[in-house]
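Asker: I am sharing structure23.txt, which consists of compact mmCIF, C-alpha atoms:
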```txt
# COMPACT_ATOMS: atom_id res chain seq x y z
CA MET A 1 0.14 45.85 20.11
CA LYS A 2 -0.20 42.08 20.48
CA VAL A 3 2.66 39.74 19.58
CA PHE A 4 1.91 36.02 19.47
CA MET A 5 3.90 33.20 17.92
CA TYR A 6 3.76 29.51 17.22
CA THR A 7 7.20 28.02 17.64
CA LEU A 8 9.02 24.68 17.89
CA SER A 9 11.20 23.84 20.89
CA THR A 10 13.73 22.27 18.50
CA CYS A 11 14.05 25.28 16.17
CA PRO A 12 16.96 27.75 16.61
CA TRP A 13 15.20 30.39 14.49
CA CYS A 14 12.23 30.24 16.87
CA ARG A 15 14.67 30.88 19.73
CA LYS A 16 16.20 33.81 17.84
CA THR A 17 12.68 35.22 17.30
CA LYS A 18 11.86 35.03 21.01
CA GLN A 19 15.23 36.60 21.76
CA PHE A 20 14.51 39.47 19.33
CA PHE A 21 11.37 40.53 21.22
CA LYS A 22 12.93 39.89 24.66
CA GLU A 23 15.83 42.17 23.86
CA LYS A 24 13.40 44.91 22.86
CA ASN A 25 11.35 44.36 26.03
CA ILE A 26 8.27 43.69 23.95
CA PRO A 27 5.87 41.30 25.69
CA PHE A 28 4.81 38.29 23.62
CA GLU A 29 3.04 34.99 24.01
CA PHE A 30 4.11 31.76 22.36
CA VAL A 31 3.04 28.15 22.01
CA ASP A 32 5.61 25.46 21.24
CA TYR A 33 3.66 23.43 18.68
CA ASP A 34 5.73 20.27 19.12
CA LEU A 35 5.05 20.12 22.87
CA GLN A 36 1.25 20.17 22.43
CA ASN A 37 -0.98 17.09 22.25
CA GLU A 38 -2.26 15.93 18.84
CA GLU A 39 -5.67 17.56 19.25
CA GLU A 40 -4.10 20.92 20.01
CA GLN A 41 -1.63 20.49 17.15
CA ASP A 42 -4.55 19.91 14.78
CA LYS A 43 -6.18 23.17 15.91
CA ILE A 44 -2.93 25.08 15.51
CA MET A 45 -2.28 23.71 12.01
CA LYS A 46 -5.81 24.64 10.92
CA GLU A 47 -5.34 28.17 12.22
CA MET A 48 -1.98 28.47 10.48
CA GLU A 49 -3.55 27.24 7.22
CA LYS A 50 -6.27 29.87 7.55
CA LEU A 51 -3.78 32.69 8.09
CA SER A 52 -1.02 31.67 5.62
CA THR A 53 -0.31 29.11 2.91
CA THR A 54 2.94 28.22 4.71
CA LYS A 55 2.85 26.05 7.85
CA ALA A 56 6.46 26.50 8.88
CA PHE A 57 8.00 27.97 12.01
CA PRO A 58 8.50 30.50 13.51
CA PHE A 59 4.93 31.64 12.80
CA VAL A 60 4.58 35.17 14.22
CA LYS A 61 1.47 37.34 14.49
CA ILE A 62 1.94 41.04 15.21
CA ASP A 63 -1.60 42.33 15.57
CA ASP A 64 -3.17 41.22 12.27
CA ASN A 65 0.11 40.71 10.41
CA VAL A 66 1.51 37.19 9.91
CA ILE A 67 5.24 36.67 9.39
CA VAL A 68 6.49 33.15 8.68
CA GLY A 69 10.22 32.59 9.13
CA TYR A 70 12.74 34.55 11.20
CA ASN A 71 12.51 38.06 9.76
CA PRO A 72 13.85 40.75 12.13
CA ASP A 73 13.62 43.44 9.43
CA LYS A 74 9.90 42.80 9.06
CA TYR A 75 9.38 42.70 12.84
CA SER A 76 11.14 46.07 13.17
CA GLU A 77 9.18 47.53 10.28
CA LEU A 78 5.87 46.50 11.88
CA LEU A 79 6.97 47.66 15.31
CA GLY A 80 8.26 50.88 13.80
CA GLU A 81 5.04 51.49 11.83
CA LYS A 82 3.15 51.05 15.11
CA GLY A 83 5.33 53.78 16.62
CA LYS A 84 4.79 56.20 13.73
CA GLN A 85 1.01 55.92 13.90
CA LYS A 86 0.87 57.53 17.34
CA MET B 1 24.43 4.72 19.97
CA ASN B 2 25.21 7.79 22.08
CA PRO B 3 24.03 11.17 20.74
CA GLY B 4 27.56 12.34 19.89
CA SER B 5 28.24 9.29 17.71
CA ARG B 6 24.78 9.48 16.16
CA LYS B 7 25.40 13.14 15.23
CA LYS B 8 28.62 12.11 13.45
CA ALA B 9 26.83 9.27 11.67
CA LEU B 10 24.01 11.57 10.48
CA ARG B 11 26.55 14.11 9.28
CA TYR B 12 28.46 11.44 7.31
CA PHE B 13 25.25 10.04 5.82
CA PHE B 14 23.67 13.42 4.97
CA GLN B 15 26.87 14.72 3.33
CA LYS B 16 26.59 11.99 0.66
CA ILE B 17 23.00 13.03 -0.10
CA ILE B 18 23.33 16.80 -0.22
CA ASP B 19 26.58 16.99 -2.21
CA PRO B 20 25.11 15.91 -5.56
CA LEU B 21 22.18 18.29 -4.90
CA GLY B 22 24.61 21.24 -4.85
CA TYR B 23 24.42 21.87 -1.12
CA LYS B 24 26.90 21.71 1.78
CA PHE B 25 26.62 21.99 5.55
CA SER B 26 26.34 25.62 6.67
CA PRO B 27 29.68 27.24 7.52
CA ASP B 28 28.02 28.21 10.83
CA GLU B 29 29.35 25.23 12.80
CA GLU B 30 27.52 26.15 15.99
CA MET B 31 24.20 26.15 14.14
CA VAL B 32 25.01 22.86 12.40
CA ASP B 33 25.91 21.19 15.69
CA PHE B 34 22.75 22.45 17.38
CA LEU B 35 20.50 21.38 14.49
CA LEU B 36 22.05 17.91 14.28
CA GLU B 37 21.60 17.57 18.03
CA GLN B 38 17.89 18.42 17.66
CA GLU B 39 17.61 15.84 14.86
CA VAL B 40 19.11 13.15 17.08
CA LEU B 41 16.47 14.03 19.71
CA LEU B 42 13.70 13.95 17.09
CA GLU B 43 14.99 10.60 15.84
CA GLN B 44 14.96 9.23 19.38
CA LYS B 45 11.37 10.49 19.85
CA HIS B 46 9.88 9.64 16.43
CA GLY B 47 12.34 7.16 14.92
CA ILE B 48 13.14 9.55 12.06
CA PRO B 49 15.43 12.64 11.94
CA TYR B 50 12.80 15.21 10.99
CA CYS B 51 13.53 18.87 10.25
CA PRO B 52 13.73 20.75 13.59
CA CYS B 53 11.96 23.81 12.11
CA GLN B 54 8.90 22.31 10.43
CA GLY B 55 5.88 20.87 12.19
CA LEU B 56 4.78 17.23 12.13
CA THR B 57 1.13 16.46 11.47
CA LYS B 58 -0.95 13.29 11.48
CA LYS B 59 -0.55 13.04 7.68
CA ARG B 60 2.36 10.68 6.99
CA GLU B 61 2.86 11.84 3.41
CA GLU B 62 3.31 15.42 4.65
CA ASN B 63 5.71 14.29 7.34
CA MET B 64 7.80 12.46 4.76
CA LYS B 65 8.47 15.84 3.10
CA ILE B 66 10.30 17.11 6.17
CA VAL B 67 12.60 14.14 6.73
CA CYS B 68 16.12 15.52 6.69
CA PRO B 69 17.59 16.25 4.20
CA CYS B 70 14.27 17.48 2.83
CA ILE B 71 15.84 19.50 -0.04
CA PRO B 72 14.40 17.34 -2.88
CA PHE B 73 10.82 18.06 -1.69
CA HIS B 74 11.39 21.82 -1.55
CA ARG B 75 13.91 22.26 -4.36
CA GLU B 76 12.53 25.39 -6.00
CA HIS B 77 11.98 27.11 -2.64
CA PHE B 78 15.38 26.29 -1.16
CA ASP B 79 17.22 27.10 -4.39
CA ALA B 80 15.59 30.56 -4.32
CA ILE B 81 16.67 31.30 -0.71
CA ARG B 82 19.95 29.34 -1.21
CA ARG B 83 19.48 27.42 2.03
CA CYS B 84 17.11 24.86 3.49
CA TRP B 85 14.41 26.06 5.85
CA CYS B 86 16.29 25.29 9.08
CA GLY B 87 19.62 26.51 7.68
CA LEU B 88 21.48 23.23 8.14
CA TYR B 89 22.39 23.24 4.45
CA VAL B 90 23.33 26.07 2.12
CA HIS B 91 24.29 26.32 -1.53
CA LYS B 92 27.91 25.31 -2.11
CA ASP B 93 28.99 28.89 -2.99
CA VAL B 94 27.60 30.44 0.21
CA THR B 95 30.26 31.86 2.53
CA ASP B 96 28.08 34.09 4.76
CA PRO B 97 25.03 32.10 5.93
CA ASP B 98 23.84 34.97 8.16
CA ALA B 99 23.12 37.00 5.04
CA LEU B 100 20.56 34.41 3.87
CA LYS B 101 16.94 35.09 4.75
CA GLN B 102 14.30 32.56 5.90
CA ILE B 103 11.55 33.44 3.42
CA PRO B 104 8.48 31.23 2.93
CA PHE B 105 7.83 29.92 -0.56
CA ASN B 106 4.55 31.76 -0.99
CA GLU B 107 6.43 35.06 -0.65
CA ILE B 108 8.91 34.23 -3.42
CA LYS B 109 8.04 35.11 -7.01
CA ARG B 110 8.82 32.27 -9.46
CA GLY B 111 12.42 32.48 -10.59
CA GLN B 112 13.22 35.22 -8.10
CA ASP B 113 16.71 34.83 -6.59
CA VAL B 114 16.53 36.26 -3.08
CA ARG B 115 19.93 37.77 -2.16
```
Render the structure in this file as structure tokens.
Answerer:
Amino acid sequence: MKVFMYTLSTCPWCRKTKQFFKEKNIPFEFVDYDLQNEEEQDKIMKEMEKLSTTKAFPFVKIDDNVIVGYNPDKYSELLGEKGKQK
Amino acid sequence: MNPGSRKKALRYFFQKIIDPLGYKFSPDEEMVDFLLEQEVLLEQKHGIPYCPCQGLTKKREENMKIVCPCIPFHREHFDAIRRCWCGLYVHKDVTDPDALKQIPFNEIKRGQDVR
């Protein structure tokens, strides 16, 4: 299971999202969009547009699922579903 | 102006804008203080207090839609979730901001009130 997220260093909900996965000891990768250069930001925005109509943060990908906004219920559901499939 | 004074000034200024829109600062004072602090930093960096939870792009007209308070540009969305995206402002009747969910507009059905 791969967890990746685009975040903003200024956003408290992005921090809560990182905290959620840390507390569950689930490894994740993240990129703080606002700390990237313009070229990289362009690439990120294009990818976000491709995956969802909403370009807001936190922008979380759990395997092929995209969750925009801090949504611990959804994260748990997707993590839980992963568990059940085994 | 030092950050502490600028935070007070933003708060005073924003209050006058959000009140007639039916919004107030979130009762979560810690969150409000943190968000205003981020906006002072963003203002120092970009010259404008942008929303700390939405991304800037090279398109100025898109960036203008996330200048705080950005409620008028996202009215239908924020009225449905009863808060603005970053949670700095909530509807006037909200007493428990933690109960409000951060749901993107494309996941809200028109007219749906998300409680």
Asker: Pick the closest to Glu38 of chain A from B:His91, B:Asp96, B:His77, B:Gly55: which is it, counting all atoms listed in the file?
Answerer: B:Gly55
Asker: Which one of A:Val60, A:Val68, A:Val3, A:Met48 sits closest to chain B if you count all atoms listed in the file?
Answerer: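 Using all atoms listed in the file, chain B sits closest to A:Val68.
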Asker: Residues of chain B near chain A: apply a cut-off of 7 Å, count only C-alpha atoms, and supply the list as a PyMOL selection string.
Answerer: chain B and resi 38+52-55+102-104+106
Asker: Could you work out how far atom CA of Leu78 of chain A lies from atom CA of Lys2 of chain A, giving the answer in Å with one decimal?
Answerer: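 Distance reported for this atom pair: 11.4 Å.
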Asker: Which residues are close to Cys70 of chain B, i.e. within 9 Å by all atoms listed in the file, leaving aside same-chain residues fewer than 5 positions away? Reply as a list in words.
Answerer: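 Everything that qualifies: Tyr50, Cys51, Met64, Lys65, Arg75 and Cys84 of chain B.
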Asker: Please compute the atom CA of Pro69 of chain B-atom CA of Asn2 of chain B distance, one decimal, in Å.
Answerer: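 Rounded to one decimal, the two atoms are 21.2 Å apart.
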Asker: Under the rule that all atoms listed in the file are counted, which of B:Ala9, B:Val32, B:Ile48, B:Ile18 is the nearest residue to Pro97 of chain B?
Answerer: B:Val32
Asker: Excluding Met31 of chain B and its own-chain neighbours fewer than 2 positions away, which residues fall within 10 Å of it when counting all atoms listed in the file? Please give them as a PyMOL selection string.
Answerer: (chain A and resi 12-13) or (chain B and resi 25-29+33-37+86-88)
Asker: Save out the residues we just selected, C-alpha atoms, as a PDB file, keeping the file's coordinate frame.
Answerer:
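Wrote selection01.pdb, looks like this:
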```
ATOM      1  CA  PRO A  12      16.960  27.750  16.610  1.00  0.00           C
ATOM      2  CA  TRP A  13      15.200  30.390  14.490  1.00  0.00           C
TER       3      TRP A  13
ATOM      4  CA  PHE B  25      26.620  21.990   5.550  1.00  0.00           C
ATOM      5  CA  SER B  26      26.340  25.620   6.670  1.00  0.00           C
ATOM      6  CA  PRO B  27      29.680  27.240   7.520  1.00  0.00           C
ATOM      7  CA  ASP B  28      28.020  28.210  10.830  1.00  0.00           C
ATOM      8  CA  GLU B  29      29.350  25.230  12.800  1.00  0.00           C
ATOM      9  CA  ASP B  33      25.910  21.190  15.690  1.00  0.00           C
ATOM     10  CA  PHE B  34      22.750  22.450  17.380  1.00  0.00           C
ATOM     11  CA  LEU B  35      20.500  21.380  14.490  1.00  0.00           C
ATOM     12  CA  LEU B  36      22.050  17.910  14.280  1.00  0.00           C
ATOM     13  CA  GLU B  37      21.600  17.570  18.030  1.00  0.00           C
ATOM     14  CA  CYS B  86      16.290  25.290   9.080  1.00  0.00           C
ATOM     15  CA  GLY B  87      19.620  26.510   7.680  1.00  0.00           C
ATOM     16  CA  LEU B  88      21.480  23.230   8.140  1.00  0.00           C
TER      17      LEU B  88
END
```
Asker: Between atom CA of Lys43 of chain A and atom CA of Phe30 of chain A, what is the distance, to one decimal in Å?
Answerer: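 Going from atom CA of Lys43 of chain A over to atom CA of Phe30 of chain A covers 14.9 Å.
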Asker: Using all atoms listed in the file, which of the listed residues (A:Tyr6, A:Asp73, A:Glu23, A:Lys61) sits closest to Leu35 of chain A?
Answerer: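 The answer is A:Tyr6, which sits nearest to Leu35 of chain A.
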